[in-house]
Structures are given as structure tokens and as C-alpha cells.
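This is work.txt (compact mmCIF, C-alpha atoms and all ligand atoms).
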```
# COMPACT_ATOMS: atom_id res chain seq x y z
CA MET A 1398 18.19 -12.78 -10.93
CA GLU A 1399 17.66 -9.18 -9.74
CA LYS A 1400 14.05 -8.16 -9.42
CA THR A 1401 13.14 -4.95 -11.25
CA ASN A 1402 10.10 -2.78 -11.80
CA SER A 1403 10.43 -2.73 -15.59
CA GLY A 1404 12.02 0.75 -15.29
CA GLY A 1405 14.51 0.07 -12.50
CA ALA A 1406 15.48 -1.83 -9.38
CA GLY A 1407 13.77 -0.90 -6.12
CA ARG A 1408 10.75 0.61 -7.84
CA TYR A 1409 7.24 -0.65 -7.13
CA THR A 1410 3.75 -0.58 -8.57
CA LEU A 1411 1.26 0.00 -5.75
CA ILE A 1412 -2.17 -1.53 -6.38
CA THR A 1413 -5.02 -0.88 -3.96
CA GLY A 1414 -7.48 -3.76 -3.88
CA GLY A 1415 -4.93 -6.01 -5.55
CA THR A 1416 -6.28 -9.26 -4.09
CA GLN A 1417 -9.56 -9.76 -5.97
CA GLY A 1418 -11.34 -9.06 -9.23
CA ILE A 1419 -9.89 -6.43 -11.55
CA GLY A 1420 -7.20 -5.47 -9.00
CA TYR A 1421 -5.93 -9.05 -8.79
CA GLU A 1422 -5.80 -9.29 -12.59
CA LEU A 1423 -3.96 -5.98 -12.73
CA ALA A 1424 -1.47 -7.32 -10.17
CA ARG A 1425 -1.00 -10.40 -12.38
CA VAL A 1426 -0.42 -8.42 -15.56
CA PHE A 1427 2.00 -6.00 -13.86
CA ALA A 1428 3.93 -8.89 -12.27
CA MET A 1429 4.00 -10.77 -15.59
CA ASN A 1430 5.62 -7.68 -17.11
CA GLY A 1431 8.35 -7.54 -14.45
CA HIS A 1432 6.94 -4.95 -12.04
CA ASN A 1433 7.59 -5.28 -8.31
CA LEU A 1434 4.33 -4.94 -6.41
CA ILE A 1435 2.93 -3.37 -3.27
CA LEU A 1436 -0.52 -4.88 -2.78
CA VAL A 1437 -3.00 -3.20 -0.43
CA ALA A 1438 -6.32 -4.63 0.80
CA ARG A 1439 -7.98 -5.36 4.15
CA ASP A 1440 -7.90 -9.17 4.35
CA GLU A 1441 -4.44 -10.36 5.43
CA ASP A 1442 -5.02 -13.99 4.42
CA GLU A 1443 -5.99 -12.95 0.92
CA LEU A 1444 -2.95 -10.68 0.72
CA ALA A 1445 -0.74 -13.65 1.67
CA SER A 1446 -2.37 -16.03 -0.81
CA THR A 1447 -2.20 -13.43 -3.60
CA LYS A 1448 1.49 -12.95 -2.88
CA ASP A 1449 1.99 -16.74 -3.06
CA ALA A 1450 0.09 -17.01 -6.33
CA LEU A 1451 2.14 -14.26 -7.99
CA GLN A 1452 5.58 -15.50 -6.81
CA ILE A 1453 5.91 -17.40 -10.11
CA PHE A 1454 6.67 -14.11 -11.85
CA ASN A 1455 9.86 -13.64 -9.81
CA VAL A 1456 9.18 -10.03 -8.78
CA ASP A 1457 9.34 -8.58 -5.28
CA ILE A 1458 5.89 -8.43 -3.64
CA VAL A 1459 5.13 -6.41 -0.51
CA THR A 1460 1.69 -6.68 1.09
CA ILE A 1461 0.13 -4.10 3.39
CA SER A 1462 -3.23 -4.45 5.08
CA LYS A 1463 -5.21 -1.18 5.26
CA ASP A 1464 -8.86 -0.29 5.35
CA LEU A 1465 -9.20 2.60 2.90
CA PHE A 1466 -12.76 3.31 4.02
CA GLU A 1467 -10.82 5.40 6.58
CA VAL A 1468 -9.01 8.26 4.89
CA ASP A 1469 -6.45 8.49 7.73
CA ASN A 1470 -5.29 5.01 6.69
CA ALA A 1471 -4.40 6.35 3.23
CA PHE A 1472 -2.03 8.88 4.84
CA GLU A 1473 -0.69 6.08 7.08
CA LEU A 1474 -0.12 3.83 4.06
CA TYR A 1475 2.00 6.49 2.38
CA GLU A 1476 4.05 7.02 5.55
CA GLU A 1477 4.60 3.27 5.96
CA ILE A 1478 5.90 2.99 2.41
CA LYS A 1479 8.26 5.95 2.92
CA ASP A 1480 9.49 4.42 6.20
CA ARG A 1481 10.28 1.19 4.34
CA ASP A 1482 12.16 3.24 1.73
CA LEU A 1483 10.17 1.85 -1.19
CA GLU A 1484 9.80 3.95 -4.35
CA VAL A 1485 6.36 3.85 -5.96
CA ASP A 1486 6.74 4.75 -9.63
CA ILE A 1487 3.29 3.45 -10.62
CA LEU A 1488 0.15 3.98 -8.54
CA VAL A 1489 -2.99 2.01 -9.37
CA ASN A 1490 -6.02 3.36 -7.48
CA ASN A 1491 -8.25 0.33 -7.93
CA ALA A 1492 -10.04 -0.40 -4.62
CA GLY A 1493 -13.66 0.72 -4.83
CA GLN A 1494 -17.11 -0.35 -3.74
CA GLY A 1495 -20.74 0.41 -4.54
CA GLN A 1496 -24.12 0.16 -2.84
CA TYR A 1497 -27.27 -0.92 -4.63
CA GLY A 1498 -30.72 0.51 -3.91
CA LYS A 1499 -32.78 3.65 -4.18
CA PHE A 1500 -31.11 6.55 -2.38
CA ALA A 1501 -34.09 6.98 -0.05
CA ASP A 1502 -33.57 3.38 1.15
CA THR A 1503 -29.79 3.03 1.37
CA ASP A 1504 -27.59 3.46 4.46
CA ILE A 1505 -25.98 6.90 4.64
CA TRP A 1506 -22.99 5.59 6.68
CA ARG A 1507 -22.17 2.98 4.06
CA GLU A 1508 -22.45 5.65 1.37
CA LEU A 1509 -20.13 7.99 3.24
CA SER A 1510 -17.63 5.12 3.59
CA ILE A 1511 -17.86 4.49 -0.16
CA ILE A 1512 -17.14 8.16 -0.83
CA GLN A 1513 -14.08 7.91 1.46
CA LEU A 1514 -12.82 4.81 -0.37
CA ASN A 1515 -13.67 5.74 -3.96
CA ILE A 1516 -12.79 9.45 -3.71
CA SER A 1517 -11.02 10.62 -0.54
CA SER A 1518 -8.43 7.85 -0.16
CA LEU A 1519 -7.81 7.94 -3.92
CA ILE A 1520 -6.99 11.65 -3.87
CA VAL A 1521 -4.83 11.33 -0.75
CA LEU A 1522 -2.73 8.56 -2.31
CA THR A 1523 -2.57 10.43 -5.62
CA LYS A 1524 -1.39 13.66 -4.00
CA GLU A 1525 1.20 12.01 -1.75
CA PHE A 1526 2.76 9.84 -4.45
CA LEU A 1527 2.48 12.59 -7.08
CA TYR A 1528 4.85 14.81 -5.04
CA ASP A 1529 7.47 12.05 -5.20
CA MET A 1530 6.83 11.36 -8.88
CA LEU A 1531 7.23 15.05 -9.71
CA ALA A 1532 10.47 15.20 -7.72
CA ASN A 1533 11.74 12.13 -9.61
CA GLY A 1534 10.56 13.47 -12.98
CA HIS A 1535 8.61 10.32 -13.85
CA GLY A 1536 5.64 8.25 -12.74
CA LYS A 1537 2.36 6.75 -13.81
CA ILE A 1538 -1.10 6.74 -12.21
CA LEU A 1539 -3.95 4.46 -13.27
CA ASN A 1540 -7.35 5.30 -11.77
CA LEU A 1541 -10.25 2.85 -11.81
CA SER A 1542 -13.09 4.85 -13.23
CA SER A 1543 -16.06 3.08 -14.87
CA ILE A 1544 -18.53 3.55 -17.69
CA ALA A 1545 -20.74 4.47 -14.71
CA SER A 1546 -18.75 7.74 -14.64
CA LYS A 1547 -20.44 8.75 -17.87
CA THR A 1548 -24.06 8.24 -16.82
CA PRO A 1549 -26.35 9.19 -13.96
CA GLY A 1550 -27.05 5.88 -12.20
CA PRO A 1551 -30.47 5.30 -10.66
CA TRP A 1552 -30.22 2.40 -8.12
CA GLN A 1553 -26.51 3.26 -7.65
CA SER A 1554 -26.68 7.05 -7.56
CA VAL A 1555 -23.81 7.61 -5.12
CA TYR A 1556 -21.52 5.06 -6.80
CA HIS A 1557 -22.01 6.61 -10.25
CA GLY A 1558 -21.34 10.02 -8.69
CA THR A 1559 -18.05 8.82 -7.19
CA LYS A 1560 -16.92 7.48 -10.57
CA ALA A 1561 -17.92 10.76 -12.30
CA PHE A 1562 -15.58 12.43 -9.79
CA VAL A 1563 -12.75 9.98 -10.54
CA GLN A 1564 -13.15 10.48 -14.29
CA SER A 1565 -13.20 14.27 -14.12
CA PHE A 1566 -10.34 14.39 -11.59
CA THR A 1567 -8.20 12.04 -13.69
CA GLU A 1568 -8.53 14.09 -16.89
CA ALA A 1569 -7.87 17.35 -15.02
CA LEU A 1570 -4.80 16.03 -13.22
CA ARG A 1571 -3.47 14.49 -16.41
CA ASN A 1572 -3.68 17.88 -18.09
CA GLU A 1573 -1.89 19.63 -15.21
CA VAL A 1574 1.11 17.27 -15.16
CA LYS A 1575 1.36 16.25 -18.82
CA ASP A 1576 4.62 18.14 -19.42
CA GLN A 1577 6.30 16.89 -16.24
CA GLY A 1578 6.92 13.24 -17.13
CA ILE A 1579 3.80 11.90 -15.41
CA VAL A 1580 1.16 9.78 -17.16
CA VAL A 1581 -2.36 9.73 -15.69
CA THR A 1582 -4.86 7.28 -17.20
CA ALA A 1583 -8.46 6.29 -16.46
CA LEU A 1584 -9.68 2.71 -16.94
CA LEU A 1585 -13.42 2.48 -17.62
CA PRO A 1586 -14.74 -1.07 -17.36
CA GLY A 1587 -18.38 -1.96 -17.88
CA ALA A 1588 -20.08 -4.61 -15.72
CA THR A 1589 -17.33 -7.14 -14.99
CA ASP A 1590 -17.48 -10.59 -13.43
CA THR A 1591 -16.11 -9.95 -9.91
CA ASP A 1592 -17.31 -9.93 -6.30
CA PHE A 1593 -18.23 -6.24 -6.68
CA PHE A 1594 -21.97 -6.90 -7.13
CA SER A 1595 -22.18 -9.20 -4.13
CA LYS A 1596 -20.48 -6.58 -1.93
CA ALA A 1597 -22.89 -3.97 -3.33
CA ASP A 1598 -26.01 -6.13 -2.61
CA MET A 1599 -26.71 -5.93 -6.34
CA LEU A 1600 -27.08 -9.58 -7.35
CA ASP A 1601 -30.83 -9.18 -8.02
CA SER A 1602 -30.45 -6.31 -10.46
CA LYS A 1603 -31.31 -6.84 -14.12
CA ALA A 1604 -27.81 -5.68 -15.16
CA VAL A 1605 -26.21 -8.52 -13.19
CA ARG A 1606 -28.78 -11.29 -13.64
CA GLU A 1607 -29.26 -10.75 -17.36
CA GLY A 1608 -26.07 -8.88 -18.32
CA ASN A 1609 -23.09 -10.26 -20.13
CA LEU A 1610 -20.34 -9.64 -17.58
CA ALA A 1611 -16.83 -8.92 -18.88
CA ASP A 1612 -13.77 -10.96 -17.98
CA ALA A 1613 -11.62 -9.15 -15.36
CA SER A 1614 -8.37 -10.29 -16.98
CA LYS A 1615 -9.32 -8.64 -20.29
CA VAL A 1616 -10.22 -5.42 -18.44
CA ALA A 1617 -6.87 -5.45 -16.63
CA GLU A 1618 -4.96 -6.02 -19.86
CA ASP A 1619 -6.73 -3.05 -21.49
CA GLY A 1620 -5.86 -0.86 -18.50
CA TYR A 1621 -2.21 -1.92 -18.45
CA LYS A 1622 -1.75 -1.32 -22.17
CA ALA A 1623 -3.47 2.09 -22.06
CA LEU A 1624 -1.24 3.20 -19.16
CA MET A 1625 1.92 2.01 -20.90
CA ARG A 1626 0.86 3.77 -24.14
CA GLY A 1627 0.20 6.93 -22.13
CA ASP A 1628 -3.48 7.17 -23.14
CA ASP A 1629 -5.80 9.44 -21.19
CA MET A 1630 -8.51 6.80 -20.88
CA VAL A 1631 -9.66 3.42 -22.10
CA VAL A 1632 -13.20 2.04 -22.18
CA SER A 1633 -12.83 -1.74 -21.99
CA GLY A 1634 -14.98 -3.68 -24.47
CA PHE A 1635 -16.70 -2.77 -27.75
CA LYS A 1636 -20.25 -2.75 -26.36
CA ASN A 1637 -19.18 -0.46 -23.51
CA LYS A 1638 -17.43 1.88 -25.96
CA MET A 1639 -20.70 2.14 -27.91
CA GLN A 1640 -22.66 2.75 -24.71
CA VAL A 1641 -20.36 5.64 -23.75
CA VAL A 1642 -20.65 7.20 -27.23
CA ILE A 1643 -24.44 7.02 -27.07
CA SER A 1644 -24.70 8.40 -23.54
CA ASN A 1645 -22.43 11.31 -24.52
CA ILE A 1646 -24.99 12.28 -27.19
CA LEU A 1647 -28.29 11.75 -25.38
CA PRO A 1648 -29.69 14.16 -22.74
CA ASP A 1649 -28.88 13.07 -19.15
CA SER A 1650 -32.59 12.62 -18.36
CA VAL A 1651 -32.95 10.07 -21.19
CA VAL A 1652 -29.78 8.26 -20.12
CA ALA A 1653 -30.95 8.15 -16.48
CA GLU A 1654 -34.24 6.54 -17.54
CA SER A 1655 -32.41 3.94 -19.61
CA VAL A 1656 -29.96 3.14 -16.76
CA ASN A 1657 -32.93 2.82 -14.39
CA LYS A 1658 -34.36 0.13 -16.67
CA GLN A 1659 -31.00 -1.69 -16.84
CA GLN A 1660 -30.28 -1.57 -13.11
CA ARG A 1661 -33.70 -2.10 -11.52
CA PRO A 1662 -34.35 -5.45 -9.80
CA ALA A 1663 -34.84 -8.20 -12.40
CA ASP A 1664 -38.20 -9.13 -10.81
CA ASP A 1665 -39.61 -5.58 -11.22
CA LYS A 1666 -42.08 -5.55 -14.08
N1 LIG B 1701 -16.84 -5.17 -11.32
C1 LIG B 1701 -17.36 -4.24 -12.09
O1 LIG B 1701 -18.39 -4.43 -12.78
C2 LIG B 1701 -16.70 -2.87 -12.20
C3 LIG B 1701 -17.06 -2.06 -13.28
C4 LIG B 1701 -16.47 -0.80 -13.40
C5 LIG B 1701 -15.54 -0.38 -12.47
N2 LIG B 1701 -15.22 -1.18 -11.43
C6 LIG B 1701 -14.25 -0.67 -10.45
O2 LIG B 1701 -13.12 -1.53 -10.42
C7 LIG B 1701 -12.51 -1.48 -9.13
C8 LIG B 1701 -12.31 -2.90 -8.65
O3 LIG B 1701 -13.57 -3.52 -8.55
P1 LIG B 1701 -13.75 -5.11 -8.56
O4 LIG B 1701 -14.98 -5.37 -9.33
O5 LIG B 1701 -12.49 -5.76 -8.96
O6 LIG B 1701 -14.06 -5.36 -7.01
P2 LIG B 1701 -13.84 -6.65 -6.08
O7 LIG B 1701 -13.73 -7.88 -6.89
O8 LIG B 1701 -14.90 -6.54 -5.03
O9 LIG B 1701 -12.39 -6.36 -5.42
C9 LIG B 1701 -12.22 -5.27 -4.58
C10 LIG B 1701 -10.79 -5.21 -4.07
O10 LIG B 1701 -10.66 -4.02 -3.28
C11 LIG B 1701 -10.33 -4.36 -1.93
N3 LIG B 1701 -11.09 -3.45 -1.05
C12 LIG B 1701 -12.44 -3.35 -0.93
N4 LIG B 1701 -12.74 -2.47 0.04
C13 LIG B 1701 -11.57 -2.01 0.54
C14 LIG B 1701 -11.23 -1.11 1.58
N5 LIG B 1701 -12.17 -0.51 2.31
N6 LIG B 1701 -9.93 -0.86 1.81
C15 LIG B 1701 -8.96 -1.48 1.10
N7 LIG B 1701 -9.22 -2.35 0.11
C16 LIG B 1701 -10.51 -2.62 -0.17
C17 LIG B 1701 -10.77 -5.82 -1.76
O11 LIG B 1701 -10.02 -6.51 -0.76
P3 LIG B 1701 -10.52 -6.54 0.79
O12 LIG B 1701 -11.98 -6.85 0.77
O13 LIG B 1701 -9.68 -7.59 1.46
O14 LIG B 1701 -10.23 -5.18 1.33
C18 LIG B 1701 -10.45 -6.36 -3.15
O15 LIG B 1701 -9.07 -6.63 -3.26
C19 LIG B 1701 -13.45 -0.65 -8.25
O16 LIG B 1701 -12.96 0.67 -8.17
C20 LIG B 1701 -14.77 -0.66 -9.01
O17 LIG B 1701 -15.54 0.47 -8.74
C21 LIG B 1701 -15.77 -2.43 -11.28
```

What would you get if you wrote out this structure as C-alpha cells?
Ligand SMILES: NC(=O)c1ccc[n+]([C@@H]2O[C@H](COP(=O)([O-])OP(=O)(O)OC[C@H]3O[C@@H](n4cnc5c(N)ncnc54)[C@H](OP(=O)(O)O)[C@@H]3O)[C@@H](O)[C@H]2O)c1
Amino acid sequence: MEKTNSGGAGRYTLITGGTQGIGYELARVFAMNGHNLILVARDEDELASTKDALQIFNVDIVTISKDLFEVDNAFELYEEIKDRDLEVDILVNNAGQGQYGKFADTDIWRELSIIQLNISSLIVLTKEFLYDMLANGHGKILNLSSIASKTPGPWQSVYHGTKAFVQSFTEALRNEVKDQGIVVTALLPGATDTDFFSKADMLDSKAVREGNLADASKVAEDGYKALMRGDDMVVSGFKNKMQVVISNILPDSVVAESVNKQQRPADDK
């Protein structure tokens, strides 16, 4: 049977960070719906095992190892895909990391790397693939935002700032290209049960220890459906939807104080 990307042969959905957490579940839901995949992450073994796990869906899966903490690697990734003559008709900018702690205590080099990954590499990939999508007259882009984009985030100030950028950028870009056949959608999960918090040194925070973490597969399904419907954004989960509504109404200073209480170390009285 010929492998297709739901809209045509030889087309691919590129997912950054497609080997774990929300990205893996997105890869699963795209594959299940007949999309060929290009999966990008750093760990080659995990890329290989993810490819193996998703073979059951009978789509073509290409894996590319790149560290998107380095923005030059985002340009390189685009060039590699062009050299292989693969057409990306859906781009999922999922890879992202955070760093827990008060800004005065956290490592500036890690924070700069997070800005490169969450913002710089995302805009490089978006710009490069957008040119091709515009030339082809169709394409879809799903950006991993967060409900963190809607609130100042004490204990994760830089991370929340990066997601505020992603959210604002996504809505602006969507508006610019809306009449040119391109869909741009933001997926806003709340706290979700993945390795994110371990990578961010955040396992001791109240939000993680006492929070009710969402299921990554449900988040991915919400994102896939919103993109296919052509929605501008989707907040995954009822409680998170309510939280966004409330934080849109309250002054930022009040929201920041409330987020501080949610995110501080669980042992802090
Ligand atoms: N989990 C949550 O509570 C939550 C909530 C809202 C939004 N989000 C957002 O959802 C997205 C996915 O998060 P997640 O929770 O699924 O994280 P995760 O479970 O830690 O998975 C992260 C994925 O990104 C890849 N990755 C990490 N750093 C990378 C780098 N420098 N270059 C290339 N790939 C990299 C990882 O593979 P390698 O390590 O092999 O590179 C992995 O495949 C992020 O943008 C995050 O901000 C998460």
C-alpha cells in the first residue's frame, strides 16, 4: 500500500521533540491518521525506538537527530530536508524545555539555551518551511504554547516568557497568512504528565507534587483536532480553560502572586 500524508504522497509532518511526552503522542496521532513523519530530537536511540513503535501505522518515518538548543542546527535541519527532497506540509514545533527556580538563582547559560530552543529555533523552522508552504499554496503549523503563555510565572519566569512569545507570534503569523491557504494553530496544555518537570528540575514544586497532571495523549488529540479544524488555538482540559479565562480578567500582579503559590517548592510554608 502506498504511504501518504493524508493530503498526498511524499508529504511529511515534521515534529520536533517527537520521541517523548506530548511530541511522541502527537507523532502517534498523526501516524494513526495516515501522515508520514519526520521526527527530530537529540537522542538517536530514542528516535530509532520511536520509529519502530510507530511502524504499525504503515506510514513513512524519517528520523533526524539535531540539538535545537543551537539555532544553527535549525537552519541545518531545513537544508537536510530539502537535500533529501522531502516536502513538509505540516510543521509541529513541539520541542521545548523549562528551568525551575528563582531567576536570581538559575543558570543564565541554560536560560539562553532555552530561549534558543523555545523561540529562536521555532522561528527559524517556521520561516523556512513557511516559504515553501506559501509557494505550494497550502500548509499547517502547530506551535506548542502553554497556559504558561497567559500568566507571568514566578519560579519559571523565563519559561513563561518564552511561551508568551510563542503565543503572541502564533496569533500574529496566523493573521498574516490566513488568506494564503496556511493554518497556524497554538496548542496550550496545562501541567501534563511527561519528563518535562524532571528536565526542568521542578519535581519538588507544589504544582507537580500536588497537581493533577494531564494525560499527554489527550493533549495531543486536542492539538491534532484543533489544527485539522483550522482553529487559532486550543487550551487542553476544562480546568485549564477556566484558569486562562480567570487570568485574562485578573490584573497581572494578582495572577503572578497566585502562580507563585502554585509553583513554589511544596515544602515552603
Ligand atoms: N509537560 C507539560 O506540563 C507542558 C505543559 C505545557 C506545554 N508544554 C510544552 O510541550 C512541549 C513538549 O513538552 P513535553 O512535556 O512533552 O516534554 P518532554 O517529555 O521532556 O519531551 C521533550 C521532547 O523534546 C526533545 N528535545 C528536548 N530538548 C531538545 C533539543 N535541545 N533539541 C531537540 N529536541 C529536544 C526531547 O528529545 P531529546 O531529549 O532526545 O532531544 C523530547 O522528544 C514543550 O514545548 C513544552 O514547553 C509542556

For atom CA of A:Ala1471 and atom CA of A:Thr1591, determine how far apart the two atoms are, in Å to one decimal place.
24.0 Å

At a cut-off of 7 Å and counting all atoms listed in the file, what residues surround ligand LIG 1701 (chain B)? Please answer as number ranges by chain.
A: 1413-1421, 1437-1440, 1443, 1463-1466, 1491-1495, 1514-1515, 1541-1545, 1585-1594, 1596

Find, counting only C-alpha atoms, the residue in A:Asn1470, A:Asn1540, A:Ser1554, A:Asn1430 that gets nearest to A:Glu1568.
A:Asn1540

To one decimal place, how far is atom CA of A:Gly1536 from atom CA of A:Lys1615 in Å?
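According to the coordinates, atom CA of A:Gly1536 and atom CA of A:Lys1615 are separated by 23.8 Å.
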
Can you work out the spacing between atom CA of A:Leu1600 and atom CA of A:Thr1567 in Å, to one decimal?
29.4 Å

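Nearest to A:Asn1645 of all the residues A:Ile1458, A:Ser1546, A:Leu1411, A:Leu1522 is A:Ser1546, based on all atoms listed in the file.
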
Let me make sure I understand: among A:Val1521, A:Val1468, A:Ala1428, A:Leu1483, which one has the smallest atom-to-atom distance to A:Gln1452 if we use all atoms listed in the file?
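Ranked by minimum distance to A:Gln1452, first place goes to A:Ala1428.
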
Here is a test: counting all atoms listed in the file, which residue of A:Asn1433, A:Ser1650, A:Ser1595, A:Gln1577 is nearest to A:His1535?
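So, comparing all the options, the nearest one is A:Gln1577.
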
Given the choices A:Gln1553, A:Thr1559, A:Asn1533, A:Asn1609, which gets closest to A:Arg1408 if the distance is worked out from all atoms listed in the file?
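Distance minimum relative to A:Arg1408 lands on A:Asn1533.
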
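Proximity of A:Glu1422, A:Glu1508, A:Asp1486, A:Glu1525 to A:His1557, computed with only C-alpha atoms, is greatest for A:Glu1508.
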
Please identify all polymer residues within 10 Å of A:Asn1657, counting only C-alpha atoms, omitting same-chain residues fewer than 5 positions from it, and present them as number ranges by chain.
A: 1549-1553, 1603-1604, 1651-1652, 1662

Within 7 Å of stretch 1619-1625 of chain A, counting all atoms listed in the file, which residues qualify if same-chain residues fewer than 6 places away don't, as a compact mmCIF listing (two decimals) with C-alpha atoms, keeping the file's coordinate frame?
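Generated file (part.txt):
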```txt
# COMPACT_ATOMS: atom_id res chain seq x y z
CA LEU A 1539 -3.95 4.46 -13.27
CA THR A 1582 -4.86 7.28 -17.20
CA LEU A 1584 -9.68 2.71 -16.94
CA VAL A 1631 -9.66 3.42 -22.10
CA SER A 1633 -12.83 -1.74 -21.99
```
